[in-house]
Amino acid sequence: MIDRIDKIDKKILALLQENARNPLKHLAAKVFLSSPAVSSRILKLEKRGIIRGYHADIDPASLGYHLQAFVNLTLESGDKEDFINFAKHCDHIIECHCTTGHNSILMKVLFCNTKELDDFVTELEHYGSTDTHIIFSTIEKPYGIQSLYPELD
């Protein structure tokens with residue numbers, strides 16, 4: 001599938017990841033096509049499932065969530081379905097991945113303070129053992145299509 005994406009599509013994807021609110025006219029100028037042509041390409045990328053949606057990048061700290069952490073969970077056998085149901089309904093889990101290695105689950109979580117995180121980890125211990133890493137800072141780097149196709153810069 002990736003071989004059917006040409007350089008123009010890759011550039012459109014990079015521009016949309018940079019700012020999904022860019023007007024079609026702006027995108028068209030950057031890829032040297034007409035606005036209708038760019039619109040058609042975007043629609044095709046959406047239909048193929050390459051573009052899955054458009055999202056706002058919200059700063060959690062501005063909403064009072066000053067504590068971010070990664071929590072590894074080693075599930076006890078037979079608890080996976082119960083945990084998945086819990087995770088789907090837990091607003092504090094912003095990412096949840098089944099992984100290989102010693103731990104079964106890797107979560108990225110947000111909390112207002114360490115007490116809330118402590119309560120959450122205590123609740124997780126019902127499903128298995130945990131290993132928690134509080135995030136002090138994040139190193140910003142390009143992500144998505146830009147990092148896969150550096151020649152588009």
# chains A, B, ... in the order shown; residues from 1 in each chain; ligands from 1

$ select_by_dssp --residues "region 33-149 of chain A" --states "alpha helix (DSSP H)" --output "VMD selection string"
chain A and resid 35 to 47 80 to 88 114 to 124 145 to 148

$ residues_around --residues "Asn19 (chain A)" --least-positions-apart "4" --cutoff "10 Å" --atoms "only C-alpha atoms" --output "list in words"
Leu13, Ala14, Leu15, Pro23, Tyr54, His55 and Ala56 of chain A

$ closest_residue --among "A:Leu73, A:Arg4, A:Val38, A:Ser62" --to "Thr122 (chain A)" --atoms "only C-alpha atoms"
A:Leu73

$ select_by_dssp --residues "chain A" --states "strand (DSSP E)" --output "JSON, numbers by chain"
{"A": [67, 68, 69, 70, 71, 72, 73, 74, 75, 93, 94, 95, 96, 97, 98, 105, 106, 107, 108, 109, 110, 111, 128, 129, 130, 131, 132, 133, 134, 135]}

$ residues_around --residues "Glu125 (chain A)" --least-positions-apart "6" --cutoff "12 Å" --atoms "only C-alpha atoms" --output "PyMOL selection string"
chain A and resi 71-76+79+83+118-119+131-132

$ write_last_selection --atoms "N, CA and C atoms" --output "PDB file, in the first residue's frame"
ATOM      1  N   VAL A  71       3.070   3.672  32.885  1.00  0.00           N
ATOM      2  CA  VAL A  71       2.854   2.590  33.836  1.00  0.00           C
ATOM      3  C   VAL A  71       2.887   1.280  33.069  1.00  0.00           C
ATOM      4  N   ASN A  72       3.819   0.425  33.468  1.00  0.00           N
ATOM      5  CA  ASN A  72       3.880  -0.929  32.930  1.00  0.00           C
ATOM      6  C   ASN A  72       3.078  -1.831  33.846  1.00  0.00           C
ATOM      7  N   LEU A  73       2.322  -2.742  33.256  1.00  0.00           N
ATOM      8  CA  LEU A  73       1.521  -3.680  34.028  1.00  0.00           C
ATOM      9  C   LEU A  73       1.814  -5.085  33.529  1.00  0.00           C
ATOM     10  N   THR A  74       2.144  -5.974  34.447  1.00  0.00           N
ATOM     11  CA  THR A  74       2.289  -7.385  34.130  1.00  0.00           C
ATOM     12  C   THR A  74       1.003  -8.058  34.586  1.00  0.00           C
ATOM     13  N   LEU A  75       0.165  -8.394  33.621  1.00  0.00           N
ATOM     14  CA  LEU A  75      -1.134  -8.986  33.929  1.00  0.00           C
ATOM     15  C   LEU A  75      -0.977 -10.391  34.480  1.00  0.00           C
ATOM     16  N   GLU A  76      -1.799 -10.698  35.469  1.00  0.00           N
ATOM     17  CA  GLU A  76      -1.896 -12.074  35.940  1.00  0.00           C
ATOM     18  C   GLU A  76      -2.707 -12.836  34.895  1.00  0.00           C
ATOM     19  N   ASP A  79      -6.703 -12.249  33.463  1.00  0.00           N
ATOM     20  CA  ASP A  79      -7.257 -10.943  33.815  1.00  0.00           C
ATOM     21  C   ASP A  79      -7.304  -9.962  32.651  1.00  0.00           C
ATOM     22  N   PHE A  83      -9.161  -6.305  32.558  1.00  0.00           N
ATOM     23  CA  PHE A  83      -8.347  -5.100  32.486  1.00  0.00           C
ATOM     24  C   PHE A  83      -8.726  -4.242  31.283  1.00  0.00           C
ATOM     25  N   ASP A 118      -1.037   7.478  42.753  1.00  0.00           N
ATOM     26  CA  ASP A 118      -0.879   6.405  43.739  1.00  0.00           C
ATOM     27  C   ASP A 118      -2.167   5.585  43.856  1.00  0.00           C
ATOM     28  N   ASP A 119      -3.309   6.258  43.910  1.00  0.00           N
ATOM     29  CA  ASP A 119      -4.597   5.556  43.989  1.00  0.00           C
ATOM     30  C   ASP A 119      -4.816   4.690  42.740  1.00  0.00           C
ATOM     31  N   ASP A 131       4.958  -1.188  37.311  1.00  0.00           N
ATOM     32  CA  ASP A 131       6.237  -0.483  37.326  1.00  0.00           C
ATOM     33  C   ASP A 131       5.939   0.898  36.752  1.00  0.00           C
ATOM     34  N   THR A 132       6.090   1.941  37.565  1.00  0.00           N
ATOM     35  CA  THR A 132       5.655   3.287  37.191  1.00  0.00           C
ATOM     36  C   THR A 132       6.836   4.213  36.987  1.00  0.00           C
TER      37      THR A 132
END

$ residues_around --residues "Ile134 (chain A)" --least-positions-apart "2" --cutoff "8 Å" --atoms "only C-alpha atoms" --output "PDB file with all heavy atoms, in the first residue's frame"
ATOM      1  N   LEU A  67       0.836  15.946  36.042  1.00  0.00           N
ATOM      2  CA  LEU A  67       1.626  14.736  36.224  1.00  0.00           C
ATOM      3  C   LEU A  67       1.312  13.741  35.112  1.00  0.00           C
ATOM      4  O   LEU A  67       0.163  13.349  34.931  1.00  0.00           O
ATOM      5  CB  LEU A  67       1.307  14.110  37.585  1.00  0.00           C
ATOM      6  CG  LEU A  67       2.234  12.973  37.954  1.00  0.00           C
ATOM      7  CD1 LEU A  67       2.904  13.283  39.281  1.00  0.00           C
ATOM      8  CD2 LEU A  67       1.460  11.690  38.057  1.00  0.00           C
ATOM      9  N   GLN A  68       2.353  13.393  34.359  1.00  0.00           N
ATOM     10  CA  GLN A  68       2.242  12.354  33.332  1.00  0.00           C
ATOM     11  C   GLN A  68       3.160  11.214  33.728  1.00  0.00           C
ATOM     12  O   GLN A  68       4.226  11.442  34.300  1.00  0.00           O
ATOM     13  CB  GLN A  68       2.684  12.881  31.968  1.00  0.00           C
ATOM     14  CG  GLN A  68       1.837  14.002  31.421  1.00  0.00           C
ATOM     15  CD  GLN A  68       2.309  14.413  30.031  1.00  0.00           C
ATOM     16  OE1 GLN A  68       2.373  13.592  29.122  1.00  0.00           O
ATOM     17  NE2 GLN A  68       2.642  15.684  29.881  1.00  0.00           N
ATOM     18  N   ALA A  69       2.746  10.003  33.415  1.00  0.00           N
ATOM     19  CA  ALA A  69       3.572   8.844  33.762  1.00  0.00           C
ATOM     20  C   ALA A  69       3.345   7.728  32.757  1.00  0.00           C
ATOM     21  O   ALA A  69       2.312   7.668  32.089  1.00  0.00           O
ATOM     22  CB  ALA A  69       3.243   8.357  35.167  1.00  0.00           C
ATOM     23  N   PHE A  70       4.339   6.864  32.685  1.00  0.00           N
ATOM     24  CA  PHE A  70       4.198   5.594  31.979  1.00  0.00           C
ATOM     25  C   PHE A  70       4.050   4.531  33.052  1.00  0.00           C
ATOM     26  O   PHE A  70       4.818   4.504  34.017  1.00  0.00           O
ATOM     27  CB  PHE A  70       5.421   5.285  31.116  1.00  0.00           C
ATOM     28  CG  PHE A  70       5.546   6.183  29.920  1.00  0.00           C
ATOM     29  CD1 PHE A  70       6.547   7.140  29.859  1.00  0.00           C
ATOM     30  CD2 PHE A  70       4.668   6.064  28.848  1.00  0.00           C
ATOM     31  CE1 PHE A  70       6.673   7.963  28.754  1.00  0.00           C
ATOM     32  CE2 PHE A  70       4.790   6.886  27.740  1.00  0.00           C
ATOM     33  CZ  PHE A  70       5.785   7.838  27.696  1.00  0.00           C
ATOM     34  N   THR A 132       6.090   1.941  37.565  1.00  0.00           N
ATOM     35  CA  THR A 132       5.655   3.287  37.191  1.00  0.00           C
ATOM     36  C   THR A 132       6.836   4.213  36.987  1.00  0.00           C
ATOM     37  O   THR A 132       7.786   4.207  37.771  1.00  0.00           O
ATOM     38  CB  THR A 132       4.725   3.866  38.287  1.00  0.00           C
ATOM     39  OG1 THR A 132       3.631   2.967  38.453  1.00  0.00           O
ATOM     40  CG2 THR A 132       4.224   5.241  37.925  1.00  0.00           C
ATOM     41  N   PHE A 136       9.320  13.574  33.754  1.00  0.00           N
ATOM     42  CA  PHE A 136       9.775  14.899  34.166  1.00  0.00           C
ATOM     43  C   PHE A 136       9.664  15.897  33.024  1.00  0.00           C
ATOM     44  O   PHE A 136       9.270  17.030  33.204  1.00  0.00           O
ATOM     45  CB  PHE A 136      11.220  14.866  34.663  1.00  0.00           C
ATOM     46  CG  PHE A 136      11.398  14.175  35.980  1.00  0.00           C
ATOM     47  CD1 PHE A 136      12.449  13.302  36.166  1.00  0.00           C
ATOM     48  CD2 PHE A 136      10.532  14.393  37.041  1.00  0.00           C
ATOM     49  CE1 PHE A 136      12.637  12.671  37.386  1.00  0.00           C
ATOM     50  CE2 PHE A 136      10.711  13.758  38.257  1.00  0.00           C
ATOM     51  CZ  PHE A 136      11.769  12.894  38.426  1.00  0.00           C
TER      52      PHE A 136
END

$ residues_around --residues "region 110-117 of chain A" --least-positions-apart "5" --cutoff "9 Å" --atoms "only C-alpha atoms" --output "mmCIF file with N, CA and C atoms, in the first residue's frame"
data_model
loop_
_atom_site.group_PDB
_atom_site.id
_atom_site.type_symbol
_atom_site.label_atom_id
_atom_site.label_comp_id
_atom_site.auth_asym_id
_atom_site.auth_seq_id
_atom_site.Cartn_x
_atom_site.Cartn_y
_atom_site.Cartn_z
ATOM 1 N N PRO A 60 -2.129 19.099 28.477
ATOM 2 C CA PRO A 60 -2.770 18.603 29.697
ATOM 3 C C PRO A 60 -2.538 19.501 30.914
ATOM 4 N N ALA A 61 -1.355 20.090 31.028
ATOM 5 C CA ALA A 61 -1.048 20.939 32.188
ATOM 6 C C ALA A 61 -1.967 22.149 32.254
ATOM 7 N N LEU A 63 -4.959 22.186 31.733
ATOM 8 C CA LEU A 63 -6.229 21.728 32.300
ATOM 9 C C LEU A 63 -6.054 21.156 33.708
ATOM 10 N N GLY A 64 -4.859 21.346 34.278
ATOM 11 C CA GLY A 64 -4.612 20.901 35.649
ATOM 12 C C GLY A 64 -3.947 19.545 35.772
ATOM 13 N N TYR A 65 -3.679 18.869 34.651
ATOM 14 C CA TYR A 65 -3.031 17.558 34.690
ATOM 15 C C TYR A 65 -1.524 17.752 34.568
ATOM 16 N N HIS A 66 -0.888 18.002 35.708
ATOM 17 C CA HIS A 66 0.535 18.330 35.732
ATOM 18 C C HIS A 66 1.429 17.101 35.825
ATOM 19 N N LEU A 67 0.836 15.946 36.042
ATOM 20 C CA LEU A 67 1.626 14.736 36.224
ATOM 21 C C LEU A 67 1.312 13.741 35.112
ATOM 22 N N GLN A 68 2.353 13.393 34.359
ATOM 23 C CA GLN A 68 2.242 12.354 33.332
ATOM 24 C C GLN A 68 3.160 11.214 33.728
ATOM 25 N N ALA A 69 2.746 10.003 33.415
ATOM 26 C CA ALA A 69 3.572 8.844 33.762
ATOM 27 C C ALA A 69 3.345 7.728 32.757
ATOM 28 N N ASP A 91 -10.623 7.400 32.242
ATOM 29 C CA ASP A 91 -10.270 8.651 31.564
ATOM 30 C C ASP A 91 -8.807 9.041 31.729
ATOM 31 N N HIS A 92 -8.148 8.534 32.750
ATOM 32 C CA HIS A 92 -6.761 8.921 33.005
ATOM 33 C C HIS A 92 -5.776 8.228 32.065
ATOM 34 N N ILE A 93 -6.188 7.132 31.452
ATOM 35 C CA ILE A 93 -5.326 6.414 30.510
ATOM 36 C C ILE A 93 -5.493 7.064 29.142
ATOM 37 N N ILE A 94 -4.419 7.693 28.656
ATOM 38 C CA ILE A 94 -4.516 8.338 27.338
ATOM 39 C C ILE A 94 -3.908 7.482 26.231
ATOM 40 N N THR A 122 -2.570 1.630 42.850
ATOM 41 C CA THR A 122 -3.143 0.690 43.818
ATOM 42 C C THR A 122 -4.302 -0.082 43.189
#

$ residues_around --residues "Glu95 (chain A)" --least-positions-apart "6" --cutoff "9 Å" --atoms "only C-alpha atoms" --output "VMD selection string"
chain A and resid 106 to 109

$ residues_around --residues "Lys80 (chain A)" --least-positions-apart "5" --cutoff "12 Å" --atoms "only C-alpha atoms" --output "list in words"
Leu73, Thr74, Leu75, Asn85, Phe86, Ala87, Cys98, Ser104, Ile105, Leu124, His126, Tyr127 and Gly128 of chain A

$ atom_distance --atom1 "CA of Glu140 (chain A)" --atom2 "CA of Ala29 (chain A)"
27.9 Å
